[in-house]
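Asker: Quick one, entry.cif (mmCIF, C-alpha atoms):
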```
data_final
loop_
_atom_site.label_atom_id
_atom_site.label_comp_id
_atom_site.auth_asym_id
_atom_site.auth_seq_id
_atom_site.Cartn_x
_atom_site.Cartn_y
_atom_site.Cartn_z
CA MET A 1 57.36 -156.06 -197.19
CA ASN A 2 55.67 -153.86 -194.65
CA PRO A 3 55.48 -150.16 -195.57
CA ALA A 4 57.40 -147.74 -193.39
CA PRO A 5 54.98 -146.01 -191.02
CA SER A 6 54.50 -142.31 -191.57
CA SER A 7 54.69 -139.68 -188.88
CA SER A 8 50.92 -139.30 -189.21
CA ASP A 9 50.24 -143.03 -188.58
CA SER A 10 47.69 -143.08 -185.77
CA SER A 11 49.11 -146.35 -184.45
CA LEU A 12 52.31 -144.47 -183.53
CA THR A 13 50.53 -141.56 -181.86
CA PRO A 14 50.14 -142.06 -178.09
CA THR A 15 46.68 -141.46 -176.62
CA ARG A 16 46.09 -139.29 -173.56
CA GLU A 17 45.68 -142.46 -171.49
CA SER A 18 48.90 -144.01 -172.79
CA LEU A 19 50.84 -140.81 -172.13
CA ALA A 20 49.53 -140.78 -168.57
CA ALA A 21 50.75 -144.35 -168.18
CA ILE A 22 54.14 -143.39 -169.61
CA SER A 23 54.44 -140.48 -167.20
CA CYS A 24 53.63 -142.79 -164.29
CA SER A 25 56.11 -145.46 -165.40
CA VAL A 26 58.90 -142.91 -165.89
CA SER A 27 58.29 -141.24 -162.54
CA CYS A 28 58.40 -144.65 -160.85
CA LEU A 29 61.79 -145.60 -162.32
CA ARG A 30 64.60 -145.70 -159.81
CA ARG A 31 67.11 -142.96 -160.66
CA SER A 32 70.79 -143.74 -160.48
CA GLY A 33 71.73 -140.19 -159.53
CA ARG A 34 73.73 -139.77 -162.72
CA VAL A 35 72.72 -137.21 -165.35
CA ILE A 36 74.00 -137.62 -168.92
CA ALA A 37 73.78 -134.89 -171.55
CA TRP A 38 74.11 -135.95 -175.19
CA PHE A 39 75.98 -133.09 -176.86
CA SER A 40 76.07 -133.16 -180.68
CA CYS A 41 78.06 -129.98 -181.47
CA GLY A 42 74.77 -128.41 -182.50
CA ALA A 43 73.12 -125.30 -181.10
CA ALA A 44 70.12 -127.06 -179.55
CA SER A 45 72.11 -129.72 -177.69
CA ALA A 46 74.50 -127.04 -176.42
CA VAL A 47 71.69 -124.99 -174.87
CA ALA A 48 69.97 -128.11 -173.49
CA THR A 49 73.24 -129.13 -171.82
CA LYS A 50 73.68 -125.66 -170.31
CA LEU A 51 70.14 -125.76 -168.88
CA ALA A 52 70.77 -129.23 -167.44
CA ILE A 53 73.91 -127.97 -165.70
CA GLU A 54 71.94 -125.07 -164.22
CA LYS A 55 69.39 -127.57 -162.89
CA TYR A 56 71.63 -130.39 -161.66
CA GLY A 57 75.08 -128.87 -161.19
CA THR A 58 77.29 -131.75 -162.26
CA VAL A 59 76.38 -133.43 -165.54
CA GLU A 60 78.31 -136.03 -167.54
CA ILE A 61 78.51 -134.65 -171.08
CA TYR A 62 79.20 -136.91 -174.05
CA TYR A 63 79.86 -136.21 -177.71
CA THR A 64 79.97 -139.06 -180.25
CA ASP A 65 82.61 -138.24 -182.86
CA THR A 66 81.84 -139.76 -186.27
CA GLY A 67 85.14 -138.69 -187.80
CA SER A 68 83.18 -137.07 -190.64
CA GLU A 69 81.91 -133.77 -189.30
CA HIS A 70 83.22 -130.27 -190.02
CA GLU A 71 86.75 -129.44 -188.86
CA ASP A 72 85.34 -126.47 -186.92
CA ASN A 73 83.61 -128.77 -184.46
CA PRO A 74 86.57 -129.12 -182.05
CA ARG A 75 86.64 -125.30 -181.76
CA PHE A 76 82.91 -125.16 -180.98
CA LEU A 77 83.26 -128.03 -178.51
CA ALA A 78 86.10 -126.22 -176.68
CA ASP A 79 84.06 -122.99 -176.56
CA CYS A 80 81.13 -124.88 -175.07
CA GLU A 81 83.35 -126.57 -172.48
CA LYS A 82 84.31 -123.10 -171.25
CA TRP A 83 80.65 -122.03 -171.21
CA PHE A 84 79.60 -125.16 -169.35
CA GLY A 85 82.53 -125.09 -166.95
CA GLN A 86 82.70 -128.86 -167.44
CA LYS A 87 84.53 -131.32 -169.65
CA ILE A 88 82.89 -132.90 -172.69
CA ASN A 89 83.79 -136.56 -173.02
CA VAL A 90 84.38 -137.69 -176.61
CA LEU A 91 83.23 -141.16 -177.67
CA LYS A 92 84.38 -142.91 -180.84
CA SER A 93 83.60 -146.22 -182.47
CA ASP A 94 86.15 -148.93 -181.81
CA LYS A 95 85.24 -150.57 -185.14
CA PHE A 96 85.06 -147.75 -187.69
CA ALA A 97 87.19 -144.66 -188.30
CA ASP A 98 84.45 -142.66 -190.05
CA ILE A 99 81.15 -142.96 -191.90
CA TRP A 100 82.88 -143.93 -195.14
CA GLU A 101 84.27 -147.05 -193.57
CA VAL A 102 80.78 -147.97 -192.35
CA PHE A 103 79.31 -147.56 -195.85
CA GLU A 104 82.09 -149.45 -197.57
CA LYS A 105 82.03 -152.39 -195.15
CA SER A 106 78.24 -152.64 -194.95
CA ARG A 107 77.70 -151.93 -198.67
CA PHE A 108 74.72 -149.84 -197.61
CA LEU A 109 73.95 -146.10 -197.49
CA SER A 110 70.42 -145.50 -196.21
CA SER A 111 66.79 -146.59 -196.22
CA PRO A 112 63.44 -145.30 -194.87
CA TYR A 113 64.46 -146.88 -191.56
CA GLY A 114 67.67 -144.90 -191.13
CA ALA A 115 71.34 -145.22 -191.97
CA PRO A 116 74.03 -147.64 -190.73
CA CYS A 117 76.38 -144.81 -189.74
CA THR A 118 74.04 -143.65 -186.96
CA GLY A 119 74.05 -147.00 -185.24
CA ALA A 120 77.74 -147.74 -185.74
CA MET A 121 79.14 -144.29 -184.99
CA LYS A 122 76.66 -142.93 -182.43
CA LYS A 123 74.36 -145.49 -180.87
CA ASP A 124 76.86 -148.29 -180.29
CA PRO A 125 79.48 -146.12 -178.51
CA ALA A 126 76.75 -144.45 -176.43
CA ASN A 127 75.24 -147.76 -175.36
CA GLY A 128 78.48 -148.49 -173.56
CA ILE A 129 77.85 -145.46 -171.36
CA TRP A 130 74.13 -145.59 -170.54
CA LYS A 131 72.90 -147.54 -167.52
CA VAL A 132 69.38 -148.12 -166.24
CA GLY A 133 68.38 -145.26 -163.97
CA ASP A 134 70.44 -142.59 -165.70
CA VAL A 135 68.70 -139.31 -166.54
CA GLU A 136 69.41 -138.46 -170.19
CA ILE A 137 69.32 -134.90 -171.54
CA PHE A 138 68.35 -134.43 -175.19
CA GLY A 139 68.34 -131.23 -177.24
CA TYR A 140 64.92 -131.61 -178.82
CA THR A 141 63.07 -128.38 -179.42
CA SER A 142 59.54 -127.17 -178.79
CA ASP A 143 58.30 -128.34 -182.19
CA GLU A 144 59.44 -131.93 -181.56
CA GLN A 145 57.16 -132.82 -178.64
CA HIS A 146 55.42 -135.52 -180.70
CA ARG A 147 58.72 -137.29 -181.35
CA VAL A 148 59.57 -137.35 -177.66
CA GLU A 149 56.18 -138.80 -176.74
CA ARG A 150 56.41 -141.49 -179.39
CA TRP A 151 59.97 -142.42 -178.44
CA GLN A 152 59.18 -142.58 -174.74
CA ALA A 153 56.19 -144.82 -175.44
CA ASN A 154 58.57 -147.36 -176.96
CA ASN A 155 61.45 -146.87 -174.50
CA ASN A 156 59.80 -146.60 -171.11
CA GLU A 157 62.87 -147.98 -169.35
CA ARG A 158 64.71 -144.74 -170.18
CA ILE A 159 64.48 -141.53 -168.15
CA ILE A 160 64.77 -138.59 -170.53
CA GLU A 161 64.48 -134.85 -170.10
CA CYS A 162 64.18 -132.27 -172.87
CA PRO A 163 64.71 -128.87 -171.25
CA LEU A 164 64.12 -126.97 -174.50
CA ILE A 165 60.62 -128.42 -174.77
CA ASP A 166 59.99 -127.72 -171.10
CA ARG A 167 60.87 -124.06 -171.71
CA HIS A 168 59.18 -123.82 -175.12
CA LEU A 169 62.47 -123.03 -176.89
CA ASP A 170 62.94 -123.56 -180.62
CA LYS A 171 66.04 -123.70 -182.80
CA GLY A 172 66.04 -119.92 -183.33
CA ASP A 173 65.98 -119.35 -179.57
CA CYS A 174 69.03 -121.58 -179.19
CA LEU A 175 70.98 -119.79 -181.90
CA GLY A 176 70.21 -116.47 -180.21
CA MET A 177 71.26 -117.72 -176.78
CA LEU A 178 74.63 -118.88 -178.09
CA ASP A 179 75.15 -115.56 -179.85
CA ARG A 180 74.40 -113.66 -176.64
CA ALA A 181 76.82 -115.92 -174.78
CA GLY A 182 79.54 -114.83 -177.22
CA ILE A 183 79.95 -118.29 -178.74
CA LYS A 184 80.59 -118.37 -182.47
CA LEU A 185 78.16 -120.77 -184.13
CA PRO A 186 79.51 -123.86 -185.91
CA ASP A 187 80.71 -123.13 -189.42
CA MET A 188 78.14 -125.46 -190.99
CA TYR A 189 75.40 -122.97 -190.06
CA ALA A 190 77.30 -120.11 -191.69
CA LEU A 191 77.57 -122.17 -194.88
CA GLY A 192 73.77 -122.43 -195.02
CA PHE A 193 73.29 -125.91 -193.60
CA ARG A 194 70.35 -126.27 -191.24
CA ASN A 195 72.10 -128.80 -189.01
CA ASN A 196 75.68 -129.42 -187.95
CA ASN A 197 75.68 -133.04 -189.07
CA CYS A 198 78.31 -134.98 -191.02
CA ARG A 199 79.35 -133.41 -194.29
CA GLY A 200 77.26 -135.27 -196.86
CA CYS A 201 74.55 -136.75 -194.61
CA VAL A 202 72.92 -139.74 -196.31
CA LYS A 203 69.63 -138.96 -194.55
CA ALA A 204 69.33 -135.70 -196.48
CA GLN A 205 66.87 -136.36 -199.28
CA SER A 206 67.06 -132.89 -200.80
CA ILE A 207 68.47 -131.73 -204.11
CA ASP A 208 69.28 -128.32 -202.58
CA TYR A 209 71.13 -129.94 -199.68
CA TRP A 210 73.33 -131.86 -202.10
CA LYS A 211 73.86 -128.79 -204.27
CA ARG A 212 75.06 -127.04 -201.11
CA THR A 213 77.33 -129.99 -200.32
CA ARG A 214 78.71 -129.93 -203.88
CA LEU A 215 79.37 -126.19 -203.55
CA HIS A 216 81.24 -126.32 -200.23
CA PHE A 217 82.55 -129.91 -200.08
CA PRO A 218 83.07 -131.09 -203.68
CA ASP A 219 85.30 -133.99 -202.60
CA VAL A 220 82.57 -135.30 -200.28
CA PHE A 221 79.98 -134.93 -203.03
CA GLU A 222 82.08 -136.83 -205.56
CA ARG A 223 82.89 -139.63 -203.15
CA MET A 224 79.23 -140.10 -202.24
CA ALA A 225 78.21 -139.99 -205.91
CA LYS A 226 80.64 -142.83 -206.66
CA LEU A 227 79.25 -144.92 -203.77
CA GLU A 228 75.70 -144.38 -205.01
CA ARG A 229 76.62 -145.82 -208.40
CA GLU A 230 78.69 -148.63 -206.87
CA PHE A 231 75.78 -149.69 -204.62
CA ASN A 232 73.11 -148.79 -207.23
CA HIS A 233 71.32 -146.73 -204.60
CA ALA A 234 70.14 -143.14 -205.05
CA ILE A 235 69.72 -141.12 -201.85
CA ASN A 236 67.32 -138.64 -203.45
CA ARG A 237 63.83 -139.08 -204.85
CA VAL A 238 61.75 -136.53 -206.75
CA THR A 239 58.11 -136.66 -207.80
CA VAL A 240 57.52 -136.84 -211.56
CA LYS A 241 53.90 -137.11 -212.77
CA GLY A 242 52.82 -138.40 -209.37
CA GLU A 243 55.56 -141.02 -209.09
CA ARG A 244 58.70 -141.03 -206.96
CA VAL A 245 61.76 -141.27 -209.19
CA LYS A 246 65.39 -141.88 -208.22
CA VAL A 247 67.88 -139.08 -208.81
CA PHE A 248 71.55 -140.01 -208.46
CA LEU A 249 73.91 -137.31 -207.26
CA ASP A 250 75.75 -137.22 -210.59
CA GLU A 251 72.40 -136.43 -212.25
CA ILE A 252 71.77 -133.26 -210.22
CA PRO A 253 71.94 -130.31 -212.63
CA PRO A 254 74.52 -127.54 -212.23
CA GLY A 255 73.72 -124.49 -210.16
CA GLU A 256 73.70 -123.29 -206.60
CA PRO A 257 71.05 -124.23 -204.02
CA THR A 258 67.95 -122.04 -203.98
CA GLY A 259 66.01 -123.53 -201.07
CA ALA A 260 66.54 -124.29 -197.41
CA ASP A 261 67.87 -127.58 -196.12
CA PRO A 262 65.45 -130.22 -194.85
CA LYS A 263 65.25 -130.91 -191.16
CA ILE A 264 67.59 -133.85 -190.63
CA SER A 265 67.71 -135.74 -187.36
CA CYS A 266 70.76 -137.83 -186.64
CA GLY A 267 71.52 -139.14 -183.20
CA LEU A 268 70.70 -141.61 -180.47
CA PHE A 269 67.10 -140.47 -180.31
CA CYS A 270 66.25 -140.93 -183.99
CA MET A 271 68.04 -144.29 -184.08
CA SER A 272 65.85 -145.53 -181.23
CA GLU A 273 62.78 -144.20 -183.00
CA SER A 274 63.57 -146.17 -186.12
CA ASP A 275 64.17 -149.28 -184.00
CA SER A 276 60.52 -149.11 -182.92
CA PHE A 277 59.26 -149.24 -186.51
CA SER A 278 58.30 -152.54 -188.08
CA LYS A 279 60.83 -153.64 -190.67
CA PRO A 280 60.45 -155.89 -193.72
#
```
Could you write out this file's structure as structure tokens?
Answerer:
Amino acid sequence: MNPAPSSSDSSLTPTRESLAAISCSVSCLRRSGRVIAWFSCGAASAVATKLAIEKYGTVEIYYTDTGSEHEDNPRFLADCEKWFGQKINVLKSDKFADIWEVFEKSRFLSSPYGAPCTGAMKKDPANGIWKVGDVEIFGYTSDEQHRVERWQANNNERIIECPLIDRHLDKGDCLGMLDRAGIKLPDMYALGFRNNNCRGCVKAQSIDYWKRTRLHFPDVFERMAKLEREFNHAINRVTVKGERVKVFLDEIPPGEPTGADPKISCGLFCMSESDSFSKP
């Protein structure tokens, strides 16, 4: 089995020469004239979409609905539609109703290479929209430049733009811009979650994240804990005497979270990144 490459693996870090080649190849791609913004109901993607509209005028905006996100998301989506002055098109899987159905049918939760829900609920519906030559707008922030470069090196047939990186905007900037626009932030942020992902994201390897989930969404926590035991797979690992040890959700001690959530990426971009990694 090949080990999963780390973010510091030099083989995944583009050189100055390779980045120049990427820039040339991207600039030489024939553009279709269509601009697609991938809206995730998060602050960063909302601001990136708004900036794309200011640049291009008409933009096709798409949101992939996993059926498992917070019930406040439709409100935030409607508020953003008014801010954008354009409709947000909602995509859904034609095979799965929600992430739970994906887990139960695949008998799989997550691995170092990603999670099945991302591909089934986000990537597959989106692949039915994208065509060669489309310009794609992603909400990646100024601290994620390295991820964009790595992804583009492995997907040089795609034309992507990240307006937040171009303008050196981070997550805090995006939250402030939405506040100044009079748009109430998604409820997941108010509950202390770093990202507005699905409730009970299997990519979140953090005891504090799952304590927060247990506090606010006990039914989600219990359902995920049962799946962990059924599949004999623990989402979380902790270091004990220099070794990584499994911690099942039903083993997490009582108490409220004391730390911040990890940074969790879940979307088309991170799925394509994991596709570029060597797998066992």
Asker: Considering all atoms listed in the file, give me a table of residues in segment 29-132 of chain A that are at most 9 Å from segment 220-228 of chain A, with the closest atom pair and distance in Å for each, as a tab-separated table.
Answerer:
```
residue	atom	partner	partner_atom	distance
A:Trp100	CA	A:Met224	CA	8.9
A:Phe103	CA	A:Leu227	CA	8.3
A:Glu104	CA	A:Leu227	CA	8.2
A:Arg107	CA	A:Leu227	CA	8.8
A:Leu109	CA	A:Glu228	CA	7.9
```
Asker: Using Å and a single decimal, report how far atom CA of Ile160 of chain A sits from atom CA of Arg31 of chain A.
Answerer: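 Distance reported for this atom pair: 11.0 Å.
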Asker: Check which residues satisfy the PyMOL selection byres ((chain A and resi 185-189) around 10) in the file shown, then give them as a ChimeraX atom specification.
Answerer: /A:41-43,69-77,79,175-176,178-179,182-184,190-199,216
Asker: Pull the neighbourhood of (82.7, -141.7, -188.2) for me: all residues within 9 Å in file coordinates, counting all atoms listed in the file, as an MDAnalysis selection string.
Answerer: chainID A and resid 64:69 92:93 96:102 117:118 120:122 198
Asker: As an exercise, work out the distance from atom CA of Val135 of chain A to atom CA of Tyr62 of chain A in Å and give it to one decimal place.
Answerer: 13.1 Å
Asker: Enter the distance from atom CA of Tyr140 of chain A to atom CA of Cys201 of chain A, in Å, rounded to one decimal.
Answerer: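 That distance, rounded to one decimal, is 19.2 Å.
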Asker: How would you write, as a PyMOL selection string, the residues chosen by the PyMOL selection byres ((chain A and resi 52) around 12) on this structure?
Answerer: chain A and resi 34-39+45-51+53-61+84+86+135-139+160-164+166-167
Asker: Return the single residue from A:Thr141, A:Lys95, A:Asn156, A:Ile88 that is closest to Gly119 of chain A, with distances computed using all atoms listed in the file.
Answerer: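 Checking each candidate against Gly119 of chain A, we get A:Lys95 as the closest.
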Asker: Choose the residue, out of A:Ala115, A:Leu249, A:Ala78, A:Ala126, that has the smallest atom-to-atom separation from Asp94 of chain A; count all atoms listed in the file.
Answerer: A:Ala126
Asker: Could you list, as a CSV table (one decimal) with C-alpha atoms, keeping the file's coordinate frame, every residue matched by the PyMOL selection byres ((chain A and resi 205) around 6) in this structure?
Answerer:
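To be explicit, this is the file written out as result.csv:
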```csv
chain,number,residue,atom,x,y,z
A,204,ALA,CA,69.3,-135.7,-196.5
A,206,SER,CA,67.1,-132.9,-200.8
A,236,ASN,CA,67.3,-138.6,-203.4
```
Asker: Write out as a PyMOL selection string each polymer residue whose atoms come within 10 Å of Thr258 of chain A, counting only C-alpha atoms; drop sequence neighbours fewer than 4 positions from it.
Answerer: chain A and resi 207-209+211-212
Asker: Could you dump the residues just selected with C-alpha atoms as an mmCIF file, keeping the file's coordinate frame?
Answerer:
```cif
data_model
loop_
_atom_site.group_PDB
_atom_site.id
_atom_site.type_symbol
_atom_site.label_atom_id
_atom_site.label_comp_id
_atom_site.auth_asym_id
_atom_site.auth_seq_id
_atom_site.Cartn_x
_atom_site.Cartn_y
_atom_site.Cartn_z
ATOM 1 C CA ILE A 207 68.470 -131.730 -204.110
ATOM 2 C CA ASP A 208 69.280 -128.320 -202.580
ATOM 3 C CA TYR A 209 71.130 -129.940 -199.680
ATOM 4 C CA LYS A 211 73.860 -128.790 -204.270
ATOM 5 C CA ARG A 212 75.060 -127.040 -201.110
#
```
Asker: Counting only C-alpha atoms, find the residues whose atoms lie at most 9 Å from (68.7, -141.4, -210.1) (file coordinates) and write them out as a short mmCIF file (atom, residue, chain, number, x, y, z; two decimals) with C-alpha atoms, in the coordinates of the input.
Answerer:
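Just written: out-v4.cif:
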```
data_model
loop_
_atom_site.label_atom_id
_atom_site.label_comp_id
_atom_site.auth_asym_id
_atom_site.auth_seq_id
_atom_site.Cartn_x
_atom_site.Cartn_y
_atom_site.Cartn_z
CA HIS A 233 71.32 -146.73 -204.60
CA ALA A 234 70.14 -143.14 -205.05
CA ILE A 235 69.72 -141.12 -201.85
CA ASN A 236 67.32 -138.64 -203.45
CA ARG A 237 63.83 -139.08 -204.85
CA VAL A 245 61.76 -141.27 -209.19
CA LYS A 246 65.39 -141.88 -208.22
CA VAL A 247 67.88 -139.08 -208.81
CA PHE A 248 71.55 -140.01 -208.46
CA LEU A 249 73.91 -137.31 -207.26
CA ASP A 250 75.75 -137.22 -210.59
CA GLU A 251 72.40 -136.43 -212.25
CA ILE A 252 71.77 -133.26 -210.22
#
```
Asker: Around segment 40-52 of chain A, with edges along x, y and z and 6 Å added on all six sides, what centre and edge lengths do you get, in Å to one decimal, as lines of an AutoDock Vina configuration file?
Answerer:
```
center_x = 74.0
center_y = -129.1
center_z = -175.0
size_x = 20.1
size_y = 20.2
size_z = 27.1
```
Asker: Determine the nearest neighbour of Ile165 of chain A from the options A:Lys203, A:Arg229, A:Arg147, A:Arg244, counting all atoms listed in the file.
Answerer: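 Distance minimum relative to Ile165 of chain A lands on A:Arg147.
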Asker: Here is a test: counting all atoms listed in the file, which residue of A:Asn232, A:Gln145, A:Asn154, A:Ser40 is nearest to Phe108 of chain A?
Answerer: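 The answer is A:Asn232, which sits nearest to Phe108 of chain A.
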Asker: So, counting all atoms listed in the file, which residue among A:Val202, A:Trp210, A:Gly85, A:Val240 is closest to Pro116 of chain A?
Answerer: A:Val202
Asker: Check the smallest atom-to-atom distance from each of A:Asn127, A:Ser142, A:Asn89, A:Thr239 to Leu169 of chain A using all atoms listed in the file, then report the winner.
Answerer: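 Checking each candidate against Leu169 of chain A, we get A:Ser142 as the closest.
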Asker: Generate the missing atoms of segment 153-163 of chain A up to all heavy atoms and report them as a PDB file, in the frame of the given file.
Answerer:
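Listed below is the output, result21.pdb:
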```pdb
ATOM      1  N   ALA A 153      57.160-143.735-175.461  1.00  0.00           N
ATOM      2  CA  ALA A 153      56.190-144.820-175.440  1.00  0.00           C
ATOM      3  C   ALA A 153      56.833-146.155-175.763  1.00  0.00           C
ATOM      4  O   ALA A 153      56.374-147.203-175.293  1.00  0.00           O
ATOM      5  CB  ALA A 153      55.058-144.526-176.427  1.00  0.00           C
ATOM      6  N   ASN A 154      57.904-146.130-176.556  1.00  0.00           N
ATOM      7  CA  ASN A 154      58.570-147.360-176.960  1.00  0.00           C
ATOM      8  C   ASN A 154      59.852-147.628-176.180  1.00  0.00           C
ATOM      9  O   ASN A 154      60.517-148.642-176.425  1.00  0.00           O
ATOM     10  CB  ASN A 154      58.895-147.292-178.457  1.00  0.00           C
ATOM     11  CG  ASN A 154      57.658-147.359-179.324  1.00  0.00           C
ATOM     12  OD1 ASN A 154      57.017-148.397-179.435  1.00  0.00           O
ATOM     13  ND2 ASN A 154      57.285-146.242-179.917  1.00  0.00           N
ATOM     14  N   ASN A 155      60.212-146.723-175.276  1.00  0.00           N
ATOM     15  CA  ASN A 155      61.450-146.870-174.500  1.00  0.00           C
ATOM     16  C   ASN A 155      61.194-146.450-173.055  1.00  0.00           C
ATOM     17  O   ASN A 155      61.896-145.596-172.514  1.00  0.00           O
ATOM     18  CB  ASN A 155      62.573-146.019-175.109  1.00  0.00           C
ATOM     19  CG  ASN A 155      62.924-146.432-176.523  1.00  0.00           C
ATOM     20  OD1 ASN A 155      63.759-147.301-176.752  1.00  0.00           O
ATOM     21  ND2 ASN A 155      62.276-145.808-177.499  1.00  0.00           N
ATOM     22  N   ASN A 156      60.199-147.079-172.436  1.00  0.00           N
ATOM     23  CA  ASN A 156      59.800-146.600-171.110  1.00  0.00           C
ATOM     24  C   ASN A 156      60.741-147.025-169.994  1.00  0.00           C
ATOM     25  O   ASN A 156      60.492-146.735-168.826  1.00  0.00           O
ATOM     26  CB  ASN A 156      58.361-147.011-170.787  1.00  0.00           C
ATOM     27  CG  ASN A 156      58.134-148.508-170.856  1.00  0.00           C
ATOM     28  OD1 ASN A 156      59.095-149.285-170.861  1.00  0.00           O
ATOM     29  ND2 ASN A 156      56.878-148.914-170.911  1.00  0.00           N
ATOM     30  N   GLU A 157      61.853-147.702-170.353  1.00  0.00           N
ATOM     31  CA  GLU A 157      62.870-147.980-169.350  1.00  0.00           C
ATOM     32  C   GLU A 157      63.889-146.855-169.258  1.00  0.00           C
ATOM     33  O   GLU A 157      64.754-146.868-168.388  1.00  0.00           O
ATOM     34  CB  GLU A 157      63.592-149.306-169.695  1.00  0.00           C
ATOM     35  CG  GLU A 157      64.653-149.215-170.786  1.00  0.00           C
ATOM     36  CD  GLU A 157      64.084-149.101-172.205  1.00  0.00           C
ATOM     37  OE1 GLU A 157      62.848-149.037-172.342  1.00  0.00           O
ATOM     38  OE2 GLU A 157      64.874-149.076-173.162  1.00  0.00           O
ATOM     39  N   ARG A 158      63.780-145.861-170.149  1.00  0.00           N
ATOM     40  CA  ARG A 158      64.710-144.740-170.180  1.00  0.00           C
ATOM     41  C   ARG A 158      64.093-143.528-169.510  1.00  0.00           C
ATOM     42  O   ARG A 158      62.892-143.262-169.644  1.00  0.00           O
ATOM     43  CB  ARG A 158      65.093-144.387-171.624  1.00  0.00           C
ATOM     44  CG  ARG A 158      65.545-145.556-172.491  1.00  0.00           C
ATOM     45  CD  ARG A 158      66.928-146.042-172.167  1.00  0.00           C
ATOM     46  NE  ARG A 158      67.980-145.171-172.628  1.00  0.00           N
ATOM     47  CZ  ARG A 158      68.737-145.425-173.698  1.00  0.00           C
ATOM     48  NH1 ARG A 158      68.505-146.489-174.444  1.00  0.00           N
ATOM     49  NH2 ARG A 158      69.730-144.612-174.021  1.00  0.00           N
ATOM     50  N   ILE A 159      64.913-142.779-168.797  1.00  0.00           N
ATOM     51  CA  ILE A 159      64.480-141.530-168.150  1.00  0.00           C
ATOM     52  C   ILE A 159      65.076-140.390-168.965  1.00  0.00           C
ATOM     53  O   ILE A 159      66.292-140.179-168.944  1.00  0.00           O
ATOM     54  CB  ILE A 159      64.957-141.449-166.692  1.00  0.00           C
ATOM     55  CG1 ILE A 159      64.528-142.692-165.909  1.00  0.00           C
ATOM     56  CG2 ILE A 159      64.428-140.177-166.030  1.00  0.00           C
ATOM     57  CD1 ILE A 159      65.150-142.784-164.520  1.00  0.00           C
ATOM     58  N   ILE A 160      64.254-139.664-169.693  1.00  0.00           N
ATOM     59  CA  ILE A 160      64.770-138.590-170.530  1.00  0.00           C
ATOM     60  C   ILE A 160      64.165-137.249-170.109  1.00  0.00           C
ATOM     61  O   ILE A 160      63.045-137.178-169.609  1.00  0.00           O
ATOM     62  CB  ILE A 160      64.506-138.838-172.021  1.00  0.00           C
ATOM     63  CG1 ILE A 160      63.013-138.735-172.342  1.00  0.00           C
ATOM     64  CG2 ILE A 160      65.060-140.180-172.453  1.00  0.00           C
ATOM     65  CD1 ILE A 160      62.735-138.690-173.832  1.00  0.00           C
ATOM     66  N   GLU A 161      64.951-136.219-170.325  1.00  0.00           N
ATOM     67  CA  GLU A 161      64.480-134.850-170.100  1.00  0.00           C
ATOM     68  C   GLU A 161      64.864-134.019-171.313  1.00  0.00           C
ATOM     69  O   GLU A 161      65.967-134.167-171.857  1.00  0.00           O
ATOM     70  CB  GLU A 161      65.077-134.252-168.829  1.00  0.00           C
ATOM     71  CG  GLU A 161      64.580-134.923-167.561  1.00  0.00           C
ATOM     72  CD  GLU A 161      65.061-134.209-166.299  1.00  0.00           C
ATOM     73  OE1 GLU A 161      65.641-133.102-166.416  1.00  0.00           O
ATOM     74  OE2 GLU A 161      64.854-134.767-165.202  1.00  0.00           O
ATOM     75  N   CYS A 162      63.951-133.165-171.726  1.00  0.00           N
ATOM     76  CA  CYS A 162      64.180-132.270-172.870  1.00  0.00           C
ATOM     77  C   CYS A 162      63.914-130.840-172.410  1.00  0.00           C
ATOM     78  O   CYS A 162      62.789-130.330-172.529  1.00  0.00           O
ATOM     79  CB  CYS A 162      63.266-132.655-174.030  1.00  0.00           C
ATOM     80  SG  CYS A 162      63.514-134.343-174.621  1.00  0.00           S
ATOM     81  N   PRO A 163      64.923-130.195-171.847  1.00  0.00           N
ATOM     82  CA  PRO A 163      64.710-128.870-171.250  1.00  0.00           C
ATOM     83  C   PRO A 163      64.262-127.807-172.237  1.00  0.00           C
ATOM     84  O   PRO A 163      63.610-126.840-171.833  1.00  0.00           O
ATOM     85  CB  PRO A 163      66.081-128.527-170.651  1.00  0.00           C
ATOM     86  CG  PRO A 163      67.057-129.439-171.307  1.00  0.00           C
ATOM     87  CD  PRO A 163      66.305-130.676-171.650  1.00  0.00           C
TER      88      PRO A 163
END
```
